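S.K.: Pasting a structure here, questions to come.
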There are 2 protein chains.
Amino acid sequence: MATIKDVAKLAGVALSTASYALSGDSKVSAKTKAKVLEAARELNYRKNGFAMDLKRSRTNTIALILTDLSGPYYSELIRSVQDVALANGYDLIACSSMGGRDSTAVRFLREKRVDGAIILAHNIHDDILVESAGHRFPIIVMDRQLSSDHLVNVLVDGEQGGYLATRHLIQAGHQKIAYISGPSNSYDNALRYQGYLRAMREAGLEEKSKWRLNGNFVREGGYSATKMMIMQGDLPSAVFYGNDEMAIGGLKALEERGVSVPDDISVIGFDDIQLSEYVHPPLTTIRQPKHEAGSLAGHLLFQMLNGEAVDPSYTLTINMIERSSVRSV
Amino acid sequence: MATIKDVAKLAGVALSTASYALSGDSKVSAKTKAKVLEAARELNYRKNGFAMDLKRSRTNTIALILTDLSGPYYSELIRSVQDVALANGYDLIACSSMGGRDSTAVRFLREKRVDGAIILAHNIHDDILVESAGHRFPIIVMDRQLSSDHLVNVLVDGEQGGYLATRHLIQAGHQKIAYISGPSNSYDNALRYQGYLRAMREAGLEEKSKWRLNGNFVREGGYSATKMMIMQGDLPSAVFYGNDEMAIGGLKALEERGVSVPDDISVIGFDDIQLSEYVHPPLTTIRQPKHEAGSLAGHLLFQMLNGEAVDPSYTLTINMIERSSVRSV
DNA sequence: CTGAAAGCGCTAACAT
DNA sequence: ATGTTAGCGCTTTCAG
């Protein structure tokens, strides 16, 4: 691999001149520049990214860290972060936090291989985030409440969302309402469940533990939790799934058992993933302002990168999308 | 930010000793090692990733380059690549090729910020791939046929898939079969379309241009193409959508217009994305061996990284998943 | 086992 | 406008 040294030699100029010419600095005469560029082309010269980063101690790259790159959930969010990054002349890379302490994500954080990060990965410990965030390394956390310097929260009001969903069901006349939950260590799940409880309590309704099943926020989990619920007998008249993925799994289980939605049972989800509009029946759900959240997270990160002051925490409001999976009784 | 120099000084040892201790080399006495580690902890020392990469001229990271990080399509593929990377002790980052020549992806390729790459991004030009691939930089291309040194193809037999889909429709008695296509510059689309044509020709059926509409491989495109087809009057009795996303958009358009699937019209898709099983009716489709493809791509990349010889091109076979969107006439 | 020293490829003062 | 030079932080010979 040719280095800038080789280019300089071939062009017959000094190292620095070559460097200036290659990075388009204006203090190089057009003729010299052409000579250098030609030499570079001839040698098929490529800048070595690391050397540049090392020198500059900046990467011009931010990372978006997700639990699992393969999740379809965050499409919209990724796109909005990406747009902001692009607009700021930065690169965005996504990396997975699978693999715990040895994950790519953690290495990128600890070794500061990027200039800042947006986190949406509950399996990364608070300590790692707190210890990594710093003056020259802002972090935006989107999946939990966490206070520290150079670390800001962008959250969605999940409690409110859970409350809204449950109240909607109650207002439609439902009294027996199940909750299919996400992982027990999920902050999001906890909030949604709290909202559910608040609405139930407010309406004087009782939460039955047999109607609280775990679906781990995945489709398959929603499917099996629902199967189990059906097998138990004594179906609730409505079920609030902690997210749309599980609701979709649930819809499938229900259909397989000949339980009609919404005639026999009402279903409400959470997130409003793209898919929810397309399932049968179209899913009534709580819409996460994913676009806004991603955009805000991106903007905040760049503000911090530019040394501007920002609030330590932002919470976005949430609202409901009525489709056809809930019926009044 | 503390450097290894600071650590060495605090621990009262030489720079190199600190380096050895920190990277767990066995030629350091346990006592010295403890001293160094303690100093590192005290200073909250973190290795500088770039310096290390520069020195080692290896990153231990591979990149998966996708057109658009936010696409839900490639979940399975991403996961299988990730598993292979993890198993080989490598990190995986995903980056987007949005932004053309200035995209993150292209920078990572040109500046060799990773050790190798898997490409699934038709908007990256052949030249960039050919010019980037090299002895120490293997590339796996999954979205086109491209021959060059240190570059291998992992493809899926799309022509065969298109043929299978169309023949299935024909065998079910359909004669008027529409094809909703992807972007005209897509290699995948071209193959699928060729397969469609082959089956039609073989059955002595005629392709009508009014039944060939473009949906750009996106849901919305499938939706509007279908709307347009309905407006034209004279519906075909079956339609082959170039991918499932478009088919799902189409299903929605059909439902809105009261055209029943499969009673009034049969529908077949391509890809077998997760969602296809969940739409109404469940979509008959051609299953891409995404898991196998990702896994193979990953394995090949590591073989090349290890200097092993591999074939220049691999083609995976494809098969059909029958669900309920096709009916015999 | 430890320490001194030589770079990896590049940028950016500084000097010419 | 161009050249000289000193590192960025780290790993890794090579001598003690």
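Residue names in the structure tokens use chain letters A, B, ... in the order shown, residue numbers from 1 in each chain, and ligand numbers from 1 in the order shown.
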Could you pull out all residues of region 1-70 of chain B with a DSSP call of alpha helix (DSSP H) and give them as an MDAnalysis selection string?
M.R.: chainID B and resid 4:11 15:22 30:43 49:56
S.K.: Counting only C-alpha atoms (C1' of nucleotides), give me one row per residue of chain B with an atom at most 12 Å from an atom of chain C, showing the shortest contact pair and its distance in Å to one decimal, sorted by chain then residue number, as a tab-separated table.
M.R.:
```
residue	atom	partner	partner_atom	distance
B:Ala8	CA	C:DG3	C1'	11.5
B:Gly12	CA	C:DT2	C1'	11.4
B:Val13	CA	C:DT2	C1'	8.1
B:Ala14	CA	C:DG3	C1'	5.8
B:Leu15	CA	C:DG3	C1'	7.9
B:Ser16	CA	C:DG3	C1'	7.4
B:Thr17	CA	C:DT2	C1'	6.6
B:Ala18	CA	C:DT2	C1'	10.2
B:Ser19	CA	C:DT2	C1'	11.8
B:Tyr20	CA	C:DT2	C1'	10.5
B:Ala21	CA	C:DT2	C1'	11.6
B:Asp25	CA	C:DC1	C1'	11.6
B:Ser26	CA	C:DC1	C1'	9.9
B:Lys27	CA	C:DC1	C1'	6.3
B:Val28	CA	C:DC1	C1'	6.2
B:Ser29	CA	C:DC1	C1'	7.0
B:Ala30	CA	C:DC1	C1'	10.8
B:Lys31	CA	C:DC1	C1'	11.4
B:Thr32	CA	C:DC1	C1'	9.8
B:Lys33	CA	C:DC1	C1'	11.4
B:Phe50	CA	C:DC8	C1'	10.8
B:Ala51	CA	C:DC8	C1'	8.6
B:Met52	CA	C:DC8	C1'	9.4
B:Asp53	CA	C:DC8	C1'	9.0
B:Leu54	CA	C:DC8	C1'	5.6
B:Lys55	CA	C:DC8	C1'	4.7
B:Arg56	CA	C:DC8	C1'	7.6
B:Ser57	CA	C:DC8	C1'	7.6
B:Arg58	CA	C:DC8	C1'	11.1
B:Glu111	CA	C:DG9	C1'	11.9
```
S.K.: Go ahead and write the selection's residues with N, CA and C atoms as a short mmCIF file (atom, residue, chain, number, x, y, z; two decimals), in the first residue's frame.
M.R.:
```cif
data_model
loop_
_atom_site.label_atom_id
_atom_site.label_comp_id
_atom_site.auth_asym_id
_atom_site.auth_seq_id
_atom_site.Cartn_x
_atom_site.Cartn_y
_atom_site.Cartn_z
N ALA B 8 2.75 4.16 32.76
CA ALA B 8 4.09 3.65 33.02
C ALA B 8 4.78 4.51 34.07
N GLY B 12 5.88 3.46 37.70
CA GLY B 12 7.32 3.42 37.85
C GLY B 12 8.00 2.35 37.02
N VAL B 13 7.44 2.09 35.82
CA VAL B 13 8.09 1.10 34.93
C VAL B 13 8.30 1.74 33.56
N ALA B 14 8.93 0.98 32.70
CA ALA B 14 9.15 1.50 31.34
C ALA B 14 7.87 1.38 30.53
N LEU B 15 7.83 2.19 29.51
CA LEU B 15 6.70 2.21 28.61
C LEU B 15 6.35 0.81 28.12
N SER B 16 7.34 0.13 27.64
CA SER B 16 7.09 -1.19 27.04
C SER B 16 6.56 -2.17 28.08
N THR B 17 7.10 -2.06 29.27
CA THR B 17 6.63 -2.95 30.32
C THR B 17 5.14 -2.73 30.54
N ALA B 18 4.76 -1.47 30.56
CA ALA B 18 3.36 -1.16 30.75
C ALA B 18 2.54 -1.76 29.61
N SER B 19 3.04 -1.60 28.41
CA SER B 19 2.34 -2.14 27.25
C SER B 19 2.16 -3.64 27.39
N TYR B 20 3.24 -4.32 27.72
CA TYR B 20 3.15 -5.76 27.88
C TYR B 20 2.14 -6.13 28.96
N ALA B 21 2.26 -5.47 30.08
CA ALA B 21 1.37 -5.79 31.20
C ALA B 21 -0.09 -5.61 30.78
N ASP B 25 0.71 -9.85 28.28
CA ASP B 25 1.86 -10.65 27.86
C ASP B 25 2.48 -11.32 29.09
N SER B 26 2.96 -12.53 28.86
CA SER B 26 3.39 -13.31 30.02
C SER B 26 4.80 -12.96 30.50
N LYS B 27 5.52 -12.14 29.77
CA LYS B 27 6.88 -11.89 30.24
C LYS B 27 6.99 -10.79 31.29
N VAL B 28 5.88 -10.48 31.89
CA VAL B 28 5.91 -9.49 32.97
C VAL B 28 5.61 -10.20 34.29
N SER B 29 6.35 -9.88 35.31
CA SER B 29 6.12 -10.52 36.61
C SER B 29 4.75 -10.11 37.15
N ALA B 30 4.19 -11.01 37.88
CA ALA B 30 2.85 -10.78 38.41
C ALA B 30 2.81 -9.49 39.22
N LYS B 31 3.87 -9.24 39.94
CA LYS B 31 3.88 -8.07 40.80
C LYS B 31 3.87 -6.79 39.96
N THR B 32 4.73 -6.76 38.97
CA THR B 32 4.79 -5.59 38.10
C THR B 32 3.45 -5.38 37.41
N LYS B 33 2.93 -6.47 36.96
CA LYS B 33 1.67 -6.41 36.25
C LYS B 33 0.59 -5.77 37.13
N PHE B 50 -7.11 3.96 17.87
CA PHE B 50 -6.48 4.29 16.59
C PHE B 50 -5.00 4.00 16.60
N ALA B 51 -4.39 4.38 17.70
CA ALA B 51 -2.95 4.16 17.78
C ALA B 51 -2.67 2.67 17.62
N MET B 52 -3.51 1.90 18.27
CA MET B 52 -3.33 0.47 18.20
C MET B 52 -3.52 -0.04 16.77
N ASP B 53 -4.58 0.42 16.15
CA ASP B 53 -4.85 -0.01 14.78
C ASP B 53 -3.71 0.40 13.85
N LEU B 54 -3.25 1.62 14.05
CA LEU B 54 -2.21 2.14 13.18
C LEU B 54 -0.97 1.27 13.29
N LYS B 55 -0.63 0.99 14.51
CA LYS B 55 0.55 0.18 14.75
C LYS B 55 0.38 -1.22 14.19
N ARG B 56 -0.74 -1.78 14.51
CA ARG B 56 -0.98 -3.16 14.11
C ARG B 56 -1.37 -3.29 12.65
N SER B 57 -1.77 -2.18 12.10
CA SER B 57 -2.40 -2.14 10.79
C SER B 57 -3.41 -3.27 10.59
N ARG B 58 -4.19 -3.44 11.61
CA ARG B 58 -5.33 -4.35 11.56
C ARG B 58 -6.36 -3.84 12.54
N GLU B 111 -10.50 4.01 2.76
CA GLU B 111 -9.49 4.30 3.76
C GLU B 111 -9.17 3.08 4.60
#
```
S.K.: Within 7 Å of chain A, which residues of chain B are there when counting only C-alpha atoms? Please give them as a list in words.
M.R.: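 Those within range of chain A come out as Arg46, Lys47, Asn48, Gly49, Phe50, Ala51, Asp53, Leu54, Leu69, Ser70, Gly71, Pro72, Ser75, Glu76, Ile78, Arg79, Asp91, Leu92, Ile93, Ala94, Cys95, Thr104, Arg110, Glu111, Lys112, Arg113, Tyr278, Val279 and His280 of chain B.
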S.K.: Could you turn the residues from that selection into a file that holds N, CA, C and O atoms, as a CSV table (one decimal), in the first residue's frame?
M.R.:
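Output (result_18.csv):
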```
chain,number,residue,atom,x,y,z
B,46,ARG,N,-7.6,4.3,29.2
B,46,ARG,CA,-8.2,3.5,28.1
B,46,ARG,C,-7.2,3.5,27.0
B,46,ARG,O,-6.7,4.5,26.5
B,47,LYS,N,-7.0,2.3,26.4
B,47,LYS,CA,-6.2,2.2,25.2
B,47,LYS,C,-6.8,3.1,24.1
B,47,LYS,O,-8.0,3.2,24.0
B,48,ASN,N,-5.9,3.7,23.4
B,48,ASN,CA,-6.4,4.4,22.2
B,48,ASN,C,-6.5,3.5,21.0
B,48,ASN,O,-5.5,3.0,20.5
B,49,GLY,N,-7.7,3.3,20.6
B,49,GLY,CA,-8.0,2.4,19.5
B,49,GLY,C,-7.2,2.7,18.2
B,49,GLY,O,-6.7,1.8,17.6
B,50,PHE,N,-7.1,4.0,17.9
B,50,PHE,CA,-6.5,4.3,16.6
B,50,PHE,C,-5.0,4.0,16.6
B,50,PHE,O,-4.5,3.5,15.6
B,51,ALA,N,-4.4,4.4,17.7
B,51,ALA,CA,-3.0,4.2,17.8
B,51,ALA,C,-2.7,2.7,17.6
B,51,ALA,O,-1.8,2.3,16.9
B,53,ASP,N,-4.6,0.4,16.1
B,53,ASP,CA,-4.8,0.0,14.8
B,53,ASP,C,-3.7,0.4,13.8
B,53,ASP,O,-3.3,-0.4,13.0
B,54,LEU,N,-3.3,1.6,14.0
B,54,LEU,CA,-2.2,2.1,13.2
B,54,LEU,C,-1.0,1.3,13.3
B,54,LEU,O,-0.4,0.9,12.3
B,69,LEU,N,-29.3,1.6,6.2
B,69,LEU,CA,-29.3,0.8,7.5
B,69,LEU,C,-30.7,0.6,8.0
B,69,LEU,O,-31.0,-0.3,8.8
B,70,SER,N,-31.7,1.4,7.6
B,70,SER,CA,-33.0,1.3,8.2
B,70,SER,C,-33.9,0.3,7.5
B,70,SER,O,-35.0,0.1,7.9
B,71,GLY,N,-33.4,-0.4,6.5
B,71,GLY,CA,-34.2,-1.4,5.9
B,71,GLY,C,-34.5,-2.6,6.8
B,71,GLY,O,-33.6,-3.1,7.5
B,72,PRO,N,-35.7,-3.0,6.8
B,72,PRO,CA,-36.0,-4.2,7.7
B,72,PRO,C,-35.7,-5.5,7.0
B,72,PRO,O,-35.8,-6.5,7.6
B,75,SER,N,-32.6,-8.4,8.2
B,75,SER,CA,-32.4,-8.8,9.6
B,75,SER,C,-31.7,-10.1,9.8
B,75,SER,O,-30.7,-10.2,10.4
B,76,GLU,N,-32.2,-11.1,9.1
B,76,GLU,CA,-31.7,-12.5,9.3
B,76,GLU,C,-30.2,-12.5,8.8
B,76,GLU,O,-29.4,-13.2,9.5
B,78,ILE,N,-28.1,-10.1,8.6
B,78,ILE,CA,-27.2,-9.4,9.5
B,78,ILE,C,-26.9,-10.3,10.7
B,78,ILE,O,-25.7,-10.4,11.1
B,79,ARG,N,-27.9,-11.0,11.2
B,79,ARG,CA,-27.6,-11.8,12.4
B,79,ARG,C,-26.6,-12.9,12.1
B,79,ARG,O,-25.7,-13.2,12.9
B,91,ASP,N,-15.0,-7.8,15.3
B,91,ASP,CA,-16.2,-7.0,15.5
B,91,ASP,C,-16.8,-6.7,14.2
B,91,ASP,O,-16.2,-6.8,13.1
B,92,LEU,N,-18.1,-6.5,14.2
B,92,LEU,CA,-18.8,-6.2,13.0
B,92,LEU,C,-19.5,-4.8,13.2
B,92,LEU,O,-20.1,-4.5,14.2
B,93,ILE,N,-19.3,-4.0,12.2
B,93,ILE,CA,-20.0,-2.7,12.2
B,93,ILE,C,-20.9,-2.7,10.9
B,93,ILE,O,-20.5,-3.3,9.9
B,94,ALA,N,-22.0,-2.0,11.0
B,94,ALA,CA,-22.8,-1.9,9.8
B,94,ALA,C,-22.7,-0.4,9.3
B,94,ALA,O,-22.7,0.5,10.2
B,95,CYS,N,-22.6,-0.2,8.1
B,95,CYS,CA,-22.6,1.2,7.7
B,95,CYS,C,-23.4,1.3,6.4
B,95,CYS,O,-23.6,0.4,5.6
B,104,THR,N,-20.4,7.1,4.3
B,104,THR,CA,-19.6,6.4,5.3
B,104,THR,C,-19.0,5.1,4.7
B,104,THR,O,-17.8,4.9,4.8
B,110,ARG,N,-12.4,2.8,1.1
B,110,ARG,CA,-11.2,3.4,0.5
B,110,ARG,C,-10.1,3.6,1.6
B,110,ARG,O,-8.9,3.4,1.3
B,111,GLU,N,-10.5,4.0,2.8
B,111,GLU,CA,-9.5,4.3,3.8
B,111,GLU,C,-9.2,3.1,4.6
B,111,GLU,O,-8.5,3.2,5.6
B,112,LYS,N,-9.7,2.0,4.2
B,112,LYS,CA,-9.4,0.7,4.9
B,112,LYS,C,-9.6,0.8,6.4
B,112,LYS,O,-8.7,0.5,7.1
B,113,ARG,N,-10.7,1.3,6.8
B,113,ARG,CA,-10.9,1.4,8.2
B,113,ARG,C,-11.4,0.1,8.9
B,113,ARG,O,-11.7,0.1,10.0
B,278,TYR,N,-47.2,-13.2,8.3
B,278,TYR,CA,-48.2,-12.5,9.2
B,278,TYR,C,-49.2,-11.7,8.5
B,278,TYR,O,-50.2,-11.3,9.1
B,279,VAL,N,-49.0,-11.4,7.3
B,279,VAL,CA,-50.0,-10.6,6.6
B,279,VAL,C,-51.2,-11.5,6.2
B,279,VAL,O,-51.3,-12.7,6.4
B,280,HIS,N,-52.2,-10.8,5.7
B,280,HIS,CA,-53.5,-11.5,5.4
B,280,HIS,C,-53.9,-11.4,4.0
B,280,HIS,O,-54.1,-10.3,3.5
```
S.K.: Tell me as JSON, numbers by chain which residues belonging to chain D come within 7 Å of chain B, counting only C-alpha atoms (C1' of nucleotides).
M.R.: {"D": [9, 10, 11]}
S.K.: What's around region 298-306 of chain A at 8 Å? Count only C-alpha atoms (C1' of nucleotides), leave out sequence neighbours fewer than 3 positions away in its own chain, and write the answer as a PyMOL selection string.
M.R.: chain A and resi 80-81+84-85+88+115-118+136-140+150+294-295+309-310
S.K.: Which polymer residues have any atom within 7 Å of an atom of Ala39 (chain B), counting only C-alpha atoms (C1' of nucleotides), with same-chain residues fewer than 2 positions away left out, as a list in words?
M.R.: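 Answer for this query is Val7, Leu10, Ala11, Lys35, Val36, Leu37, Arg41, Glu42 and Leu43 of chain B.
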S.K.: Limited to C-alpha atoms, could you put the picked residues into a file as a PDB file, in the first residue's frame?
M.R.:
```
ATOM      1  CA  VAL B   7       0.482   4.750  33.345  1.00  0.00           C
ATOM      2  CA  LEU B  10       2.814   6.281  37.713  1.00  0.00           C
ATOM      3  CA  ALA B  11       3.636   2.614  37.992  1.00  0.00           C
ATOM      4  CA  LYS B  35       1.324  -2.385  39.766  1.00  0.00           C
ATOM      5  CA  VAL B  36       0.641  -1.381  36.189  1.00  0.00           C
ATOM      6  CA  LEU B  37      -2.970  -2.449  36.266  1.00  0.00           C
ATOM      7  CA  ARG B  41      -7.210   1.921  37.000  1.00  0.00           C
ATOM      8  CA  GLU B  42      -6.270   4.930  38.992  1.00  0.00           C
ATOM      9  CA  LEU B  43      -5.795   7.051  35.908  1.00  0.00           C
TER      10      LEU B  43
END
```
S.K.: From region 87-323 of chain B, collect each residue whose DSSP state is strand (DSSP E or B) and return the set as a PyMOL selection string.
M.R.: chain B and resi 91-96+116-120+134+137+139-141+148+151-156+177-181+212-214+238-241+266-271+279+284-287+313-316+319-321
S.K.: Taking into account only C-alpha atoms, which residue in the set A:Ser23, A:Asn216, A:Thr285, A:Thr166 is nearest to Gly195 (chain A)?
M.R.: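 Result for the nearest residue to Gly195 (chain A): A:Thr166.
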S.K.: One decimal, Å: what's the distance from CA of Trp211 (chain B) over to CA of Met229 (chain B), could you say?
M.R.: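 One can read the CA of Trp211 (chain B) to CA of Met229 (chain B) distance as 7.3 Å.
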S.K.: Near region 153-156 of chain B, within 6 Å and counting only C-alpha atoms (C1' of nucleotides), which residues show up once chain neighbours fewer than 3 positions away are dropped, as a PyMOL selection string?
M.R.: chain B and resi 140-142+313-316
S.K.: Write the selection just made, keeping N, CA, C and O atoms, as a short mmCIF file (atom, residue, chain, number, x, y, z; two decimals), in the first residue's frame?
M.R.:
```
data_model
loop_
_atom_site.label_atom_id
_atom_site.label_comp_id
_atom_site.auth_asym_id
_atom_site.auth_seq_id
_atom_site.Cartn_x
_atom_site.Cartn_y
_atom_site.Cartn_z
N ILE B 140 -16.68 -9.36 0.00
CA ILE B 140 -17.70 -10.29 -0.48
C ILE B 140 -18.85 -9.45 -1.02
O ILE B 140 -19.35 -8.57 -0.33
N VAL B 141 -19.23 -9.74 -2.24
CA VAL B 141 -20.31 -8.97 -2.85
C VAL B 141 -21.55 -9.84 -2.97
O VAL B 141 -21.49 -10.94 -3.52
N MET B 142 -22.64 -9.36 -2.46
CA MET B 142 -23.84 -10.18 -2.45
C MET B 142 -24.96 -9.68 -3.35
O MET B 142 -26.04 -10.24 -3.38
N SER B 313 -16.93 -17.48 -6.83
CA SER B 313 -18.36 -17.20 -6.83
C SER B 313 -19.18 -18.38 -6.31
O SER B 313 -18.87 -19.53 -6.59
N TYR B 314 -20.17 -18.07 -5.54
CA TYR B 314 -21.06 -19.10 -4.98
C TYR B 314 -22.49 -18.71 -5.26
O TYR B 314 -22.87 -17.55 -5.09
N THR B 315 -23.26 -19.67 -5.68
CA THR B 315 -24.67 -19.37 -5.90
C THR B 315 -25.52 -20.33 -5.08
O THR B 315 -25.36 -21.54 -5.16
N LEU B 316 -26.40 -19.78 -4.31
CA LEU B 316 -27.25 -20.60 -3.47
C LEU B 316 -28.59 -20.86 -4.16
O LEU B 316 -29.10 -20.00 -4.88
#
```
S.K.: Sorted by chain and rising residue number, which residues of region 110-224 of chain A lie within 12 Å of region 322-325 of chain A, and what are their closest atom pairs and distances in Å to one decimal, counting only C-alpha atoms, as a Markdown table?
M.R.:
```
| residue | atom | partner | partner_atom | distance |
| --- | --- | --- | --- | --- |
| A:Leu164 | CA | A:Glu322 | CA | 11.6 |
| A:Ala165 | CA | A:Glu322 | CA | 10.2 |
| A:His168 | CA | A:Glu322 | CA | 9.6 |
| A:Leu169 | CA | A:Ser325 | CA | 10.7 |
| A:Ala172 | CA | A:Ser325 | CA | 11.8 |
```
S.K.: Enter the distance from CA of Gly100 (chain B) to CA of Ile273 (chain B), in Å, rounded to one decimal.
M.R.: 26.6 Å
